[in-house]
Every structure is written in C-alpha cells, then in structure tokens.
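Colleague: This is upload_24.cif (mmCIF, C-alpha atoms; chains and numbers go by the auth columns).
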data_entry
loop_
_atom_site.group_PDB
_atom_site.id
_atom_site.type_symbol
_atom_site.label_atom_id
_atom_site.label_comp_id
_atom_site.label_asym_id
_atom_site.label_seq_id
_atom_site.Cartn_x
_atom_site.Cartn_y
_atom_site.Cartn_z
_atom_site.B_iso_or_equiv
_atom_site.auth_seq_id
_atom_site.auth_asym_id
ATOM 1 C CA MET A 1 21.375 -73.541 43.593 0.00 1 A
ATOM 2 C CA LYS A 2 21.607 -77.314 43.890 0.00 2 A
ATOM 3 C CA ILE A 3 22.198 -79.552 40.858 0.00 3 A
ATOM 4 C CA ASP A 4 22.208 -83.349 40.707 0.00 4 A
ATOM 5 C CA TYR A 5 24.243 -85.064 37.990 0.00 5 A
ATOM 6 C CA ASP A 6 23.768 -88.593 36.728 0.00 6 A
ATOM 7 C CA ILE A 7 27.009 -90.460 36.090 0.00 7 A
ATOM 8 C CA PRO A 8 26.514 -90.695 32.279 0.00 8 A
ATOM 9 C CA GLN A 9 26.329 -86.873 32.155 0.00 9 A
ATOM 10 C CA LEU A 10 29.769 -86.621 33.734 0.00 10 A
ATOM 11 C CA VAL A 11 31.699 -89.398 31.980 0.00 11 A
ATOM 12 C CA PRO A 12 32.631 -87.125 29.020 0.00 12 A
ATOM 13 C CA PHE A 13 34.147 -84.635 31.507 0.00 13 A
ATOM 14 C CA ILE A 14 36.418 -87.143 33.263 0.00 14 A
ATOM 15 C CA ASN A 15 40.096 -86.224 33.040 0.00 15 A
ATOM 16 C CA TRP A 16 41.527 -89.720 32.598 0.00 16 A
ATOM 17 C CA PRO A 17 45.277 -88.977 32.981 0.00 17 A
ATOM 18 C CA TYR A 18 44.737 -88.308 36.701 0.00 18 A
ATOM 19 C CA PHE A 19 42.983 -91.666 36.989 0.00 19 A
ATOM 20 C CA PHE A 20 45.883 -93.430 35.271 0.00 20 A
ATOM 21 C CA PHE A 21 48.376 -91.617 37.488 0.00 21 A
ATOM 22 C CA ALA A 22 46.587 -92.864 40.610 0.00 22 A
ATOM 23 C CA TRP A 23 47.021 -96.442 39.329 0.00 23 A
ATOM 24 C CA GLN A 24 50.667 -95.759 38.356 0.00 24 A
ATOM 25 C CA LEU A 25 49.902 -96.754 34.755 0.00 25 A
ATOM 26 C CA LYS A 26 52.327 -95.457 32.127 0.00 26 A
ATOM 27 C CA GLU A 27 51.930 -97.816 29.161 0.00 27 A
ATOM 28 C CA PRO A 28 49.169 -96.863 26.670 0.00 28 A
ATOM 29 C CA ALA A 29 47.924 -100.456 26.458 0.00 29 A
ATOM 30 C CA GLU A 30 47.563 -100.646 30.242 0.00 30 A
ATOM 31 C CA GLN A 31 45.799 -97.305 30.314 0.00 31 A
ATOM 32 C CA GLN A 32 43.358 -98.386 27.599 0.00 32 A
ATOM 33 C CA ARG A 33 42.590 -101.627 29.416 0.00 33 A
ATOM 34 C CA MET A 34 41.997 -99.828 32.711 0.00 34 A
ATOM 35 C CA ARG A 35 39.855 -97.155 31.092 0.00 35 A
ATOM 36 C CA GLN A 36 37.643 -99.826 29.542 0.00 36 A
ATOM 37 C CA GLU A 37 37.263 -101.507 32.929 0.00 37 A
ATOM 38 C CA ALA A 38 36.534 -98.153 34.562 0.00 38 A
ATOM 39 C CA GLU A 39 33.850 -97.287 32.009 0.00 39 A
ATOM 40 C CA GLU A 40 32.225 -100.682 32.545 0.00 40 A
ATOM 41 C CA THR A 41 32.290 -100.039 36.295 0.00 41 A
ATOM 42 C CA LEU A 42 30.720 -96.612 35.790 0.00 42 A
ATOM 43 C CA SER A 43 27.912 -98.210 33.766 0.00 43 A
ATOM 44 C CA ARG A 44 27.189 -100.562 36.676 0.00 44 A
ATOM 45 C CA LEU A 45 27.303 -97.728 39.196 0.00 45 A
ATOM 46 C CA ALA A 46 25.151 -95.332 37.154 0.00 46 A
ATOM 47 C CA PRO A 47 21.700 -96.597 38.281 0.00 47 A
ATOM 48 C CA HIS A 48 22.647 -96.351 41.953 0.00 48 A
ATOM 49 C CA TYR A 49 24.758 -93.231 42.505 0.00 49 A
ATOM 50 C CA GLN A 50 24.882 -89.548 41.555 0.00 50 A
ATOM 51 C CA ALA A 51 27.135 -86.533 41.909 0.00 51 A
ATOM 52 C CA HIS A 52 25.868 -83.270 43.343 0.00 52 A
ATOM 53 C CA ALA A 53 26.759 -79.582 43.105 0.00 53 A
ATOM 54 C CA LEU A 54 26.018 -76.342 44.926 0.00 54 A
ATOM 55 C CA PHE A 55 26.608 -72.939 43.347 0.00 55 A
ATOM 56 C CA LEU A 56 25.930 -69.312 44.210 0.00 56 A
ATOM 57 C CA LEU A 57 26.680 -66.213 42.133 0.00 57 A
ATOM 58 C CA LEU A 58 27.281 -63.357 44.558 0.00 58 A
ATOM 59 C CA ASP A 59 27.957 -59.625 44.430 0.00 59 A
ATOM 60 C CA ALA A 60 31.480 -59.024 45.677 0.00 60 A
ATOM 61 C CA HIS A 61 34.518 -56.780 45.496 0.00 61 A
ATOM 62 C CA GLY A 62 38.222 -56.952 46.215 0.00 62 A
ATOM 63 C CA GLN A 63 39.552 -55.093 49.234 0.00 63 A
ATOM 64 C CA ALA A 64 43.306 -55.369 49.799 0.00 64 A
ATOM 65 C CA ASP A 65 43.869 -59.120 50.401 0.00 65 A
ATOM 66 C CA ASN A 66 40.197 -59.893 51.062 0.00 66 A
ATOM 67 C CA ILE A 67 37.312 -60.913 48.864 0.00 67 A
ATOM 68 C CA VAL A 68 34.259 -59.212 50.333 0.00 68 A
ATOM 69 C CA ILE A 69 30.824 -60.677 49.610 0.00 69 A
ATOM 70 C CA ASP A 70 28.275 -57.860 49.473 0.00 70 A
ATOM 71 C CA ARG A 71 25.171 -59.196 51.216 0.00 71 A
ATOM 72 C CA ALA A 72 22.010 -57.363 52.254 0.00 72 A
ATOM 73 C CA GLU A 73 22.629 -58.340 55.881 0.00 73 A
ATOM 74 C CA GLY A 74 26.173 -56.975 55.738 0.00 74 A
ATOM 75 C CA PRO A 75 29.592 -57.745 54.206 0.00 75 A
ATOM 76 C CA PHE A 76 31.002 -61.281 54.451 0.00 76 A
ATOM 77 C CA GLN A 77 34.772 -61.465 54.270 0.00 77 A
ATOM 78 C CA LEU A 78 36.832 -64.215 52.614 0.00 78 A
ATOM 79 C CA PRO A 79 40.476 -63.559 53.595 0.00 79 A
ATOM 80 C CA MET A 80 42.998 -64.574 50.942 0.00 80 A
ATOM 81 C CA LEU A 81 46.762 -65.148 51.023 0.00 81 A
ATOM 82 C CA ARG A 82 49.317 -63.283 48.925 0.00 82 A
ATOM 83 C CA GLN A 83 52.565 -64.524 47.418 0.00 83 A
ATOM 84 C CA GLN A 84 55.564 -63.149 49.295 0.00 84 A
ATOM 85 C CA ARG A 85 58.755 -64.918 48.276 0.00 85 A
ATOM 86 C CA VAL A 86 58.635 -64.424 44.526 0.00 86 A
ATOM 87 C CA GLU A 87 60.089 -61.884 42.136 0.00 87 A
ATOM 88 C CA GLY A 88 57.805 -59.478 40.339 0.00 88 A
ATOM 89 C CA THR A 89 54.092 -59.232 41.040 0.00 89 A
ATOM 90 C CA CYS A 90 52.996 -60.984 44.243 0.00 90 A
ATOM 91 C CA LEU A 91 49.542 -62.269 43.379 0.00 91 A
ATOM 92 C CA CYS A 92 46.462 -62.678 45.546 0.00 92 A
ATOM 93 C CA LEU A 93 43.073 -63.966 44.345 0.00 93 A
ATOM 94 C CA ALA A 94 41.471 -60.756 45.619 0.00 94 A
ATOM 95 C CA ASP A 95 43.437 -58.890 42.917 0.00 95 A
ATOM 96 C CA PHE A 96 41.102 -60.348 40.289 0.00 96 A
ATOM 97 C CA LEU A 97 37.975 -58.619 41.627 0.00 97 A
ATOM 98 C CA HIS A 98 37.112 -54.977 41.007 0.00 98 A
ATOM 99 C CA PRO A 99 37.602 -52.881 44.171 0.00 99 A
ATOM 100 C CA ARG A 100 34.100 -51.399 43.976 0.00 100 A
ATOM 101 C CA SER A 101 31.677 -53.845 42.369 0.00 101 A
ATOM 102 C CA ASP A 102 32.060 -57.289 40.850 0.00 102 A
ATOM 103 C CA LYS A 103 30.716 -60.831 41.069 0.00 103 A
ATOM 104 C CA ILE A 104 32.106 -64.130 42.274 0.00 104 A
ATOM 105 C CA GLY A 105 30.957 -67.732 42.128 0.00 105 A
ATOM 106 C CA VAL A 106 31.255 -70.096 45.105 0.00 106 A
ATOM 107 C CA PHE A 107 30.729 -73.816 44.620 0.00 107 A
ATOM 108 C CA ALA A 108 31.032 -77.322 45.987 0.00 108 A
ATOM 109 C CA THR A 109 30.660 -80.729 44.325 0.00 109 A
ATOM 110 C CA THR A 110 30.572 -84.228 45.756 0.00 110 A
ATOM 111 C CA VAL A 111 29.309 -87.774 45.190 0.00 111 A
ATOM 112 C CA ASP A 112 26.923 -90.048 47.046 0.00 112 A
ATOM 113 C CA VAL A 113 28.802 -91.282 50.101 0.00 113 A
ATOM 114 C CA GLY A 114 28.024 -94.883 49.152 0.00 114 A
ATOM 115 C CA LEU A 115 30.726 -94.719 46.500 0.00 115 A
ATOM 116 C CA GLU A 116 33.206 -94.573 49.383 0.00 116 A
ATOM 117 C CA THR A 117 31.480 -96.954 51.824 0.00 117 A
ATOM 118 C CA ASP A 118 29.641 -99.645 49.853 0.00 118 A
ATOM 119 C CA PHE A 119 32.672 -101.643 48.696 0.00 119 A
ATOM 120 C CA ASP A 120 34.554 -102.333 51.919 0.00 120 A
ATOM 121 C CA HIS A 121 34.190 -106.078 51.327 0.00 121 A
ATOM 122 C CA ASP A 122 36.390 -105.947 48.188 0.00 122 A
ATOM 123 C CA PRO A 123 39.639 -103.933 48.420 0.00 123 A
ATOM 124 C CA TYR A 124 40.104 -103.757 44.645 0.00 124 A
ATOM 125 C CA GLN A 125 36.554 -102.571 43.947 0.00 125 A
ATOM 126 C CA LYS A 126 36.805 -100.156 46.874 0.00 126 A
ATOM 127 C CA MET A 127 39.890 -98.563 45.348 0.00 127 A
ATOM 128 C CA MET A 128 38.279 -98.474 41.897 0.00 128 A
ATOM 129 C CA ALA A 129 35.121 -96.856 43.264 0.00 129 A
ATOM 130 C CA GLN A 130 37.114 -94.324 45.308 0.00 130 A
ATOM 131 C CA LEU A 131 39.275 -93.256 42.364 0.00 131 A
ATOM 132 C CA LEU A 132 36.240 -92.995 40.099 0.00 132 A
ATOM 133 C CA ALA A 133 34.421 -91.018 42.790 0.00 133 A
ATOM 134 C CA ASP A 134 37.344 -88.552 42.854 0.00 134 A
ATOM 135 C CA ARG A 135 37.143 -88.183 39.076 0.00 135 A
ATOM 136 C CA LEU A 136 33.350 -87.751 39.163 0.00 136 A
ATOM 137 C CA ALA A 137 33.554 -84.962 41.753 0.00 137 A
ATOM 138 C CA GLU A 138 36.145 -83.169 39.588 0.00 138 A
ATOM 139 C CA ALA A 139 34.060 -83.826 36.465 0.00 139 A
ATOM 140 C CA ALA A 140 31.024 -82.322 38.198 0.00 140 A
ATOM 141 C CA ALA A 141 33.065 -79.195 38.957 0.00 141 A
ATOM 142 C CA GLU A 142 34.166 -79.018 35.299 0.00 142 A
ATOM 143 C CA CYS A 143 30.609 -79.481 34.025 0.00 143 A
ATOM 144 C CA LEU A 144 29.221 -76.951 36.513 0.00 144 A
ATOM 145 C CA HIS A 145 31.861 -74.368 35.581 0.00 145 A
ATOM 146 C CA LEU A 146 30.978 -74.772 31.895 0.00 146 A
ATOM 147 C CA GLU A 147 27.290 -74.198 32.663 0.00 147 A
ATOM 148 C CA VAL A 148 28.176 -71.199 34.836 0.00 148 A
ATOM 149 C CA ARG A 149 30.248 -69.538 32.117 0.00 149 A
ATOM 150 C CA ARG A 150 27.646 -70.135 29.417 0.00 150 A
ATOM 151 C CA HIS A 151 24.374 -69.733 31.296 0.00 151 A
ATOM 152 C CA TYR A 152 24.157 -69.028 35.035 0.00 152 A
ATOM 153 C CA TRP A 153 26.736 -66.232 35.036 0.00 153 A
ATOM 154 C CA GLY A 154 26.803 -66.052 31.260 0.00 154 A
ATOM 155 C CA TYR A 155 30.033 -64.130 30.788 0.00 155 A
ATOM 156 C CA ALA A 156 31.101 -66.514 27.994 0.00 156 A
ATOM 157 C CA PRO A 157 27.784 -67.443 26.330 0.00 157 A
ATOM 158 C CA ASP A 158 29.334 -68.370 22.994 0.00 158 A
ATOM 159 C CA GLU A 159 32.192 -70.475 24.347 0.00 159 A
ATOM 160 C CA GLN A 160 32.896 -73.506 22.156 0.00 160 A
ATOM 161 C CA LEU A 161 35.754 -75.559 23.557 0.00 161 A
ATOM 162 C CA SER A 162 36.691 -79.194 23.129 0.00 162 A
ATOM 163 C CA MET A 163 37.008 -81.430 26.170 0.00 163 A
ATOM 164 C CA ALA A 164 40.792 -81.261 25.755 0.00 164 A
ATOM 165 C CA ASP A 165 40.558 -77.456 25.848 0.00 165 A
ATOM 166 C CA LEU A 166 38.524 -77.634 29.067 0.00 166 A
ATOM 167 C CA HIS A 167 41.021 -79.956 30.722 0.00 167 A
ATOM 168 C CA GLN A 168 43.835 -77.606 29.689 0.00 168 A
ATOM 169 C CA GLU A 169 41.881 -74.695 31.197 0.00 169 A
ATOM 170 C CA ARG A 170 41.661 -72.655 28.017 0.00 170 A
ATOM 171 C CA PHE A 171 38.409 -71.045 29.131 0.00 171 A
ATOM 172 C CA GLU A 172 38.088 -67.480 30.402 0.00 172 A
ATOM 173 C CA GLY A 173 38.384 -67.125 34.155 0.00 173 A
ATOM 174 C CA ILE A 174 39.606 -69.583 36.776 0.00 174 A
ATOM 175 C CA ARG A 175 38.188 -72.069 39.293 0.00 175 A
ATOM 176 C CA PRO A 176 40.616 -72.184 42.248 0.00 176 A
ATOM 177 C CA ALA A 177 39.778 -75.037 44.606 0.00 177 A
ATOM 178 C CA VAL A 178 40.229 -75.003 48.365 0.00 178 A
ATOM 179 C CA GLY A 179 43.388 -76.847 49.371 0.00 179 A
ATOM 180 C CA TYR A 180 45.157 -76.136 46.074 0.00 180 A
ATOM 181 C CA PRO A 181 48.159 -73.785 45.656 0.00 181 A
ATOM 182 C CA SER A 182 46.190 -70.549 45.118 0.00 182 A
ATOM 183 C CA LEU A 183 43.848 -71.303 48.025 0.00 183 A
ATOM 184 C CA PRO A 184 45.832 -73.552 50.383 0.00 184 A
ATOM 185 C CA ASP A 185 43.911 -73.080 53.649 0.00 185 A
ATOM 186 C CA THR A 186 41.352 -75.918 53.880 0.00 186 A
ATOM 187 C CA SER A 187 39.695 -74.188 56.843 0.00 187 A
ATOM 188 C CA LEU A 188 38.210 -71.707 54.348 0.00 188 A
ATOM 189 C CA ASN A 189 35.656 -74.457 53.811 0.00 189 A
ATOM 190 C CA PHE A 190 33.992 -73.310 57.042 0.00 190 A
ATOM 191 C CA LEU A 191 33.316 -69.927 55.400 0.00 191 A
ATOM 192 C CA LEU A 192 32.123 -71.465 52.129 0.00 192 A
ATOM 193 C CA ASP A 193 29.855 -73.754 54.152 0.00 193 A
ATOM 194 C CA GLU A 194 28.261 -70.673 55.739 0.00 194 A
ATOM 195 C CA LEU A 195 27.494 -69.359 52.259 0.00 195 A
ATOM 196 C CA LEU A 196 26.437 -72.600 50.569 0.00 196 A
ATOM 197 C CA GLY A 197 25.218 -75.003 53.234 0.00 197 A
ATOM 198 C CA PHE A 198 27.304 -78.073 52.364 0.00 198 A
ATOM 199 C CA ARG A 199 24.953 -80.491 54.108 0.00 199 A
ATOM 200 C CA GLN A 200 22.437 -79.952 51.302 0.00 200 A
ATOM 201 C CA ILE A 201 24.582 -82.280 49.219 0.00 201 A
ATOM 202 C CA GLY A 202 25.876 -84.465 52.046 0.00 202 A
ATOM 203 C CA ILE A 203 29.272 -82.833 52.687 0.00 203 A
ATOM 204 C CA ARG A 204 30.541 -82.819 56.286 0.00 204 A
ATOM 205 C CA LEU A 205 33.637 -81.004 57.513 0.00 205 A
ATOM 206 C CA THR A 206 36.364 -82.294 59.822 0.00 206 A
ATOM 207 C CA GLU A 207 37.979 -80.100 62.497 0.00 207 A
ATOM 208 C CA SER A 208 40.537 -78.906 59.935 0.00 208 A
ATOM 209 C CA GLY A 209 37.938 -78.150 57.245 0.00 209 A
ATOM 210 C CA ALA A 210 38.621 -81.278 55.156 0.00 210 A
ATOM 211 C CA MET A 211 35.525 -82.527 53.360 0.00 211 A
ATOM 212 C CA ARG A 212 33.778 -85.857 53.720 0.00 212 A
ATOM 213 C CA PRO A 213 33.096 -87.626 51.394 0.00 213 A
ATOM 214 C CA HIS A 214 36.752 -87.393 50.388 0.00 214 A
ATOM 215 C CA ALA A 215 35.593 -87.153 46.762 0.00 215 A
ATOM 216 C CA SER A 216 34.475 -83.531 47.112 0.00 216 A
ATOM 217 C CA VAL A 217 35.640 -80.243 45.618 0.00 217 A
ATOM 218 C CA SER A 218 34.958 -76.681 46.751 0.00 218 A
ATOM 219 C CA GLY A 219 36.205 -73.297 45.707 0.00 219 A
ATOM 220 C CA LEU A 220 35.688 -70.042 43.869 0.00 220 A
ATOM 221 C CA MET A 221 34.909 -69.021 40.299 0.00 221 A
ATOM 222 C CA LEU A 222 36.472 -65.806 39.007 0.00 222 A
ATOM 223 C CA ALA A 223 35.687 -64.301 35.615 0.00 223 A
ATOM 224 C CA HIS A 224 38.433 -61.675 35.204 0.00 224 A
ATOM 225 C CA PRO A 225 40.032 -62.301 31.775 0.00 225 A
ATOM 226 C CA GLN A 226 43.531 -61.918 33.254 0.00 226 A
ATOM 227 C CA ALA A 227 42.868 -64.192 36.238 0.00 227 A
ATOM 228 C CA ARG A 228 45.336 -67.055 36.432 0.00 228 A
ATOM 229 C CA TYR A 229 46.413 -69.807 38.781 0.00 229 A
ATOM 230 C CA PHE A 230 49.468 -69.394 40.973 0.00 230 A
ATOM 231 C CA ALA A 231 51.017 -70.919 44.076 0.00 231 A
ATOM 232 C CA VAL A 232 50.962 -68.820 47.231 0.00 232 A
ATOM 233 C CA GLY A 233 54.095 -70.631 48.403 0.00 233 A
ATOM 234 C CA LYS A 234 55.908 -69.703 51.594 0.00 234 A
ATOM 235 C CA ILE A 235 54.640 -66.809 53.702 0.00 235 A
ATOM 236 C CA GLY A 236 56.284 -64.950 56.576 0.00 236 A
ATOM 237 C CA ASN A 237 55.128 -64.424 60.142 0.00 237 A
ATOM 238 C CA ASP A 238 53.954 -60.929 59.199 0.00 238 A
ATOM 239 C CA GLN A 239 51.368 -62.321 56.784 0.00 239 A
ATOM 240 C CA LEU A 240 50.522 -65.227 59.097 0.00 240 A
ATOM 241 C CA ASN A 241 49.636 -62.789 61.886 0.00 241 A
ATOM 242 C CA ASP A 242 47.709 -60.508 59.531 0.00 242 A
ATOM 243 C CA TYR A 243 45.791 -63.446 58.037 0.00 243 A
ATOM 244 C CA ALA A 244 44.890 -64.780 61.491 0.00 244 A
ATOM 245 C CA CYS A 245 43.587 -61.329 62.414 0.00 245 A
ATOM 246 C CA ARG A 246 41.479 -61.154 59.268 0.00 246 A
ATOM 247 C CA ARG A 247 40.140 -64.673 59.931 0.00 247 A
ATOM 248 C CA GLY A 248 39.391 -63.764 63.529 0.00 248 A
ATOM 249 C CA LEU A 249 41.225 -66.906 64.731 0.00 249 A
ATOM 250 C CA PRO A 250 44.239 -67.519 66.985 0.00 250 A
ATOM 251 C CA VAL A 251 47.617 -67.457 65.260 0.00 251 A
ATOM 252 C CA ALA A 252 48.436 -70.898 66.698 0.00 252 A
ATOM 253 C CA LEU A 253 45.370 -72.398 65.010 0.00 253 A
ATOM 254 C CA ILE A 254 46.073 -70.739 61.653 0.00 254 A
ATOM 255 C CA ARG A 255 49.651 -71.984 61.910 0.00 255 A
ATOM 256 C CA LYS A 256 48.294 -75.569 62.004 0.00 256 A
ATOM 257 C CA PHE A 257 46.175 -74.931 58.911 0.00 257 A
ATOM 258 C CA LEU A 258 49.088 -73.414 56.961 0.00 258 A
ATOM 259 C CA THR A 259 52.001 -75.629 58.039 0.00 259 A
ATOM 260 C CA ALA A 260 53.035 -76.346 54.438 0.00 260 A
ATOM 261 C CA ASN A 261 53.215 -72.607 53.660 0.00 261 A
ATOM 262 C CA LEU A 262 55.397 -71.577 56.602 0.00 262 A
#
Go ahead and express the file in the form of structure tokens.
Modeller:
Amino acid sequence: MKIDYDIPQLVPFINWPYFFFAWQLKEPAEQQRMRQEAEETLSRLAPHYQAHALFLLLDAHGQADNIVIDRAEGPFQLPMLRQQRVEGTCLCLADFLHPRSDKIGVFATTVDVGLETDFDHDPYQKMMAQLLADRLAEAAAECLHLEVRRHYWGYAPDEQLSMADLHQERFEGIRPAVGYPSLPDTSLNFLLDELLGFRQIGIRLTESGAMRPHASVSGLMLAHPQARYFAVGKIGNDQLNDYACRRGLPVALIRKFLTANL
C-alpha cells in the first residue's frame, strides 16, 4: 500500500524537540522563534513537495532469532539480533511474535528528493529544508503508524492519544526503525526493499543499505502488548557468525555492517 501525505497533514505530527536539538537551540525564546520560521517555511514548501509511505501487513511468526514472513511462494526470513552482554532477559525482536501464527507490519517513509536538492544555492535554506525533511519523514511514520493501529491493522481501533502521548510512545506496540538500537543493521533495508519495493516512493539504497533521500525511515511494526524498545548493544563472534549464516552473507561483510556492535 502506497500513501502520499501533503505537508499540512504532517505538521501536527512533527516532534519539534529533535528539530531544536539539530539547531543546538536551548532557550525557549530561540526555539519559539525558530519554530515560527520553520512553520512559515513549511507553508511555502507545501504546494511543491509531499511525503510518501509504503506499508504491508504480513502473516508472520517468530522462529528462534528470526522473523519469518509466511508467503504463498514460501517463507521469507528476516534475521534479527539478540542482546548478549546484559543481565536478565536478552531480548530479540523475534521474541514479540507468536511462534506459530502472527502478523507484522513493514514500512518505509520518505520525502520528495527535491527537499534535499533544490536549495543548494543557499546554505541556510538547504539546512532548513534538510532538517524539516527529516522531521517530515519521521512525522509520516508517526501518522502512518497511527492509521495502522486504528484502521489498517486495527488492533487498537479505539485509541485516543494526544500528540504528546504519541511522541512519548504510549501506544500499544512498537515501531523499531532500521539503523536504530533494536535493529542496528542498515543492510536489512535490502530485505525490506524486496518486500516493499522502495523505488515506488523514490528511495534508493547505497551499498551499505543506507537510504537516499537521507530523510527516509524504514522498519517494522509489532503489535504485541509487551513489545518494547531495547538496544542490542555489543555482540560476540558467536552471534556474528550465526547472524551471517542466517543472512546468507560472508562474515567479513556482516562485520562491516555491524562495526558499532562488535
């Protein structure tokens, strides 16, 4: 499923503290001034640019450290990583799917590439457009996830949360994004691309699986009521070798993808 979002639809979903952090703004007066300027910029951009989303709701199940997509043409495996160097339960995202039958959402969001390329003549406006593009891609993911919970998947049809509640992730389920602590291997984007077809919304992948436009988000949606975010952290050579085997890729290549976790 492909969805196009106009900028005014997404402005209410923007998480402004991240925008202020990018500008290194700490004083409330400075933040208010910059937000006003940003909203004026968004109004000017609105007639010319959009954000875009892809989403699929798929039958799946958890199998050891893998999320297995159950497709008519055969199973499609998404290998996950498990915490190793922590006390207590060592979590893996596959833990939050039933071992026999469940569902999972896969998604990607992005913006029109012009938001990153049309302002090269003005360094300040280029930075403003880039930072707003980042916020719009995240806002599209937030808006999409809300629609998924209420309608497309519908596991929380009566959810009534404020925008502050959404930004504090008080909804049921989680939305781990590729490249973030629960899902640190950006090369998983190659697998999500096989499922979603990123080019439908203009996303291209680099050799490492990084997305272009830079203002893009991809990941999973899990509905288990006990699902929570966590950091995989450091893993040992035993898991590195096992993960490479499950990915069907050389250990040396996986080592490059997971440098920060070794």
Colleague: Find the residues near region 104-107 of chain A: any atom within 6 Å, counting only C-alpha atoms, skip ones fewer than 5 places away on the same chain, and give them as number ranges by chain.
Modeller: A: 54-58, 218-222
Colleague: Given the file shown, determine the residues that the PyMOL selection byres ((chain A and resi 187-202) around 8) selects; report them as a ChimeraX atom specification.
Modeller: /A:2,52-56,78,106-110,112-113,178,185-186,203-205,208-210,213,218-219,257
Colleague: With C-alpha atoms retained, export the selected residues as a PDB file, in the frame of the given file.
Modeller:
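Saved result, result16.pdb, follows:
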ATOM      1  CA  LYS A   2      21.607 -77.314  43.890  1.00  0.00           C
ATOM      2  CA  HIS A  52      25.868 -83.270  43.343  1.00  0.00           C
ATOM      3  CA  ALA A  53      26.759 -79.582  43.105  1.00  0.00           C
ATOM      4  CA  LEU A  54      26.018 -76.342  44.926  1.00  0.00           C
ATOM      5  CA  PHE A  55      26.608 -72.939  43.347  1.00  0.00           C
ATOM      6  CA  LEU A  56      25.930 -69.312  44.210  1.00  0.00           C
ATOM      7  CA  LEU A  78      36.832 -64.215  52.614  1.00  0.00           C
ATOM      8  CA  VAL A 106      31.255 -70.096  45.105  1.00  0.00           C
ATOM      9  CA  PHE A 107      30.729 -73.816  44.620  1.00  0.00           C
ATOM     10  CA  ALA A 108      31.032 -77.322  45.987  1.00  0.00           C
ATOM     11  CA  THR A 109      30.660 -80.729  44.325  1.00  0.00           C
ATOM     12  CA  THR A 110      30.572 -84.228  45.756  1.00  0.00           C
ATOM     13  CA  ASP A 112      26.923 -90.048  47.046  1.00  0.00           C
ATOM     14  CA  VAL A 113      28.802 -91.282  50.101  1.00  0.00           C
ATOM     15  CA  VAL A 178      40.229 -75.003  48.365  1.00  0.00           C
ATOM     16  CA  ASP A 185      43.911 -73.080  53.649  1.00  0.00           C
ATOM     17  CA  THR A 186      41.352 -75.918  53.880  1.00  0.00           C
ATOM     18  CA  ILE A 203      29.272 -82.833  52.687  1.00  0.00           C
ATOM     19  CA  ARG A 204      30.541 -82.819  56.286  1.00  0.00           C
ATOM     20  CA  LEU A 205      33.637 -81.004  57.513  1.00  0.00           C
ATOM     21  CA  SER A 208      40.537 -78.906  59.935  1.00  0.00           C
ATOM     22  CA  GLY A 209      37.938 -78.150  57.245  1.00  0.00           C
ATOM     23  CA  ALA A 210      38.621 -81.278  55.156  1.00  0.00           C
ATOM     24  CA  PRO A 213      33.096 -87.626  51.394  1.00  0.00           C
ATOM     25  CA  SER A 218      34.958 -76.681  46.751  1.00  0.00           C
ATOM     26  CA  GLY A 219      36.205 -73.297  45.707  1.00  0.00           C
ATOM     27  CA  PHE A 257      46.175 -74.931  58.911  1.00  0.00           C
TER      28      PHE A 257
END
Colleague: Produce a table with one row for each residue of region 227-255 of chain A that has an atom at most 12 Å from any atom of region 85-88 of chain A, each row naming the nearest atom pair and its distance in Å at one decimal; use all atoms listed in the file; arrange rows by chain and rising residue number; format as JSON lines.
Modeller:
{"residue": "A:Phe230", "atom": "CA", "partner": "A:Val86", "partner_atom": "CA", "distance": 11.0}
{"residue": "A:Ala231", "atom": "CA", "partner": "A:Val86", "partner_atom": "CA", "distance": 10.0}
{"residue": "A:Val232", "atom": "CA", "partner": "A:Arg85", "partner_atom": "CA", "distance": 8.8}
{"residue": "A:Gly233", "atom": "CA", "partner": "A:Arg85", "partner_atom": "CA", "distance": 7.4}
{"residue": "A:Lys234", "atom": "CA", "partner": "A:Arg85", "partner_atom": "CA", "distance": 6.5}
{"residue": "A:Ile235", "atom": "CA", "partner": "A:Arg85", "partner_atom": "CA", "distance": 7.1}
{"residue": "A:Gly236", "atom": "CA", "partner": "A:Arg85", "partner_atom": "CA", "distance": 8.7}
{"residue": "A:Gln239", "atom": "CA", "partner": "A:Arg85", "partner_atom": "CA", "distance": 11.6}
Colleague: By how many Å are CA of Met163 (chain A) and CA of Gln9 (chain A) apart?
Modeller: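 Value for the CA of Met163 (chain A)-CA of Gln9 (chain A) distance: 13.4 Å.
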Colleague: Would you mind listing what lies within 9 Å of Ser43 (chain A) as a list of chain:residue names, with all atoms listed in the file counted and same-chain residues fewer than 5 positions away left out?
Modeller: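 Skipping anything fewer than 5 positions along the chain leaves A:Ile7, A:Pro8, A:Ala38.
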Colleague: Counting all atoms listed in the file, which of A:Pro79, A:Pro123, A:Pro99, A:Gly114 gets nearest to Ile67 (chain A)?
Modeller: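 Smallest distance to Ile67 (chain A) is found for A:Pro79.
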Colleague: Expand the PyMOL selection byres ((chain A and resi 127) around 12) into the individual residues it matches in the shown file, reporting them as a PyMOL selection string.
Modeller: chain A and resi 19+22-23+38+41+115-126+128-134
Colleague: How many Å lie between CA of Gly173 (chain A) and CA of Pro225 (chain A), rounded to one decimal?
Modeller: 5.6 Å
Colleague: Would you pick out the contacts of Phe13 (chain A) at 9 Å or less, using all atoms listed in the file, so that residues sharing its chain but fewer than 6 positions from it are not included, and give the list as a PyMOL selection string?
Modeller: chain A and resi 135-136+138-140+142-143+163+166-167
Colleague: Can you tell me, as a ChimeraX atom specification, what residues are no more than 10 Å from Glu30 (chain A) when counting all atoms listed in the file, ignoring any on the same chain fewer than 6 positions away?
Modeller: /A:20,24,36
Colleague: What does the structure give for the distance between CA of Arg246 (chain A) and CA of Arg175 (chain A), in Å to one decimal?
Modeller: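 Going from CA of Arg246 (chain A) over to CA of Arg175 (chain A), I get 23.0 Å.
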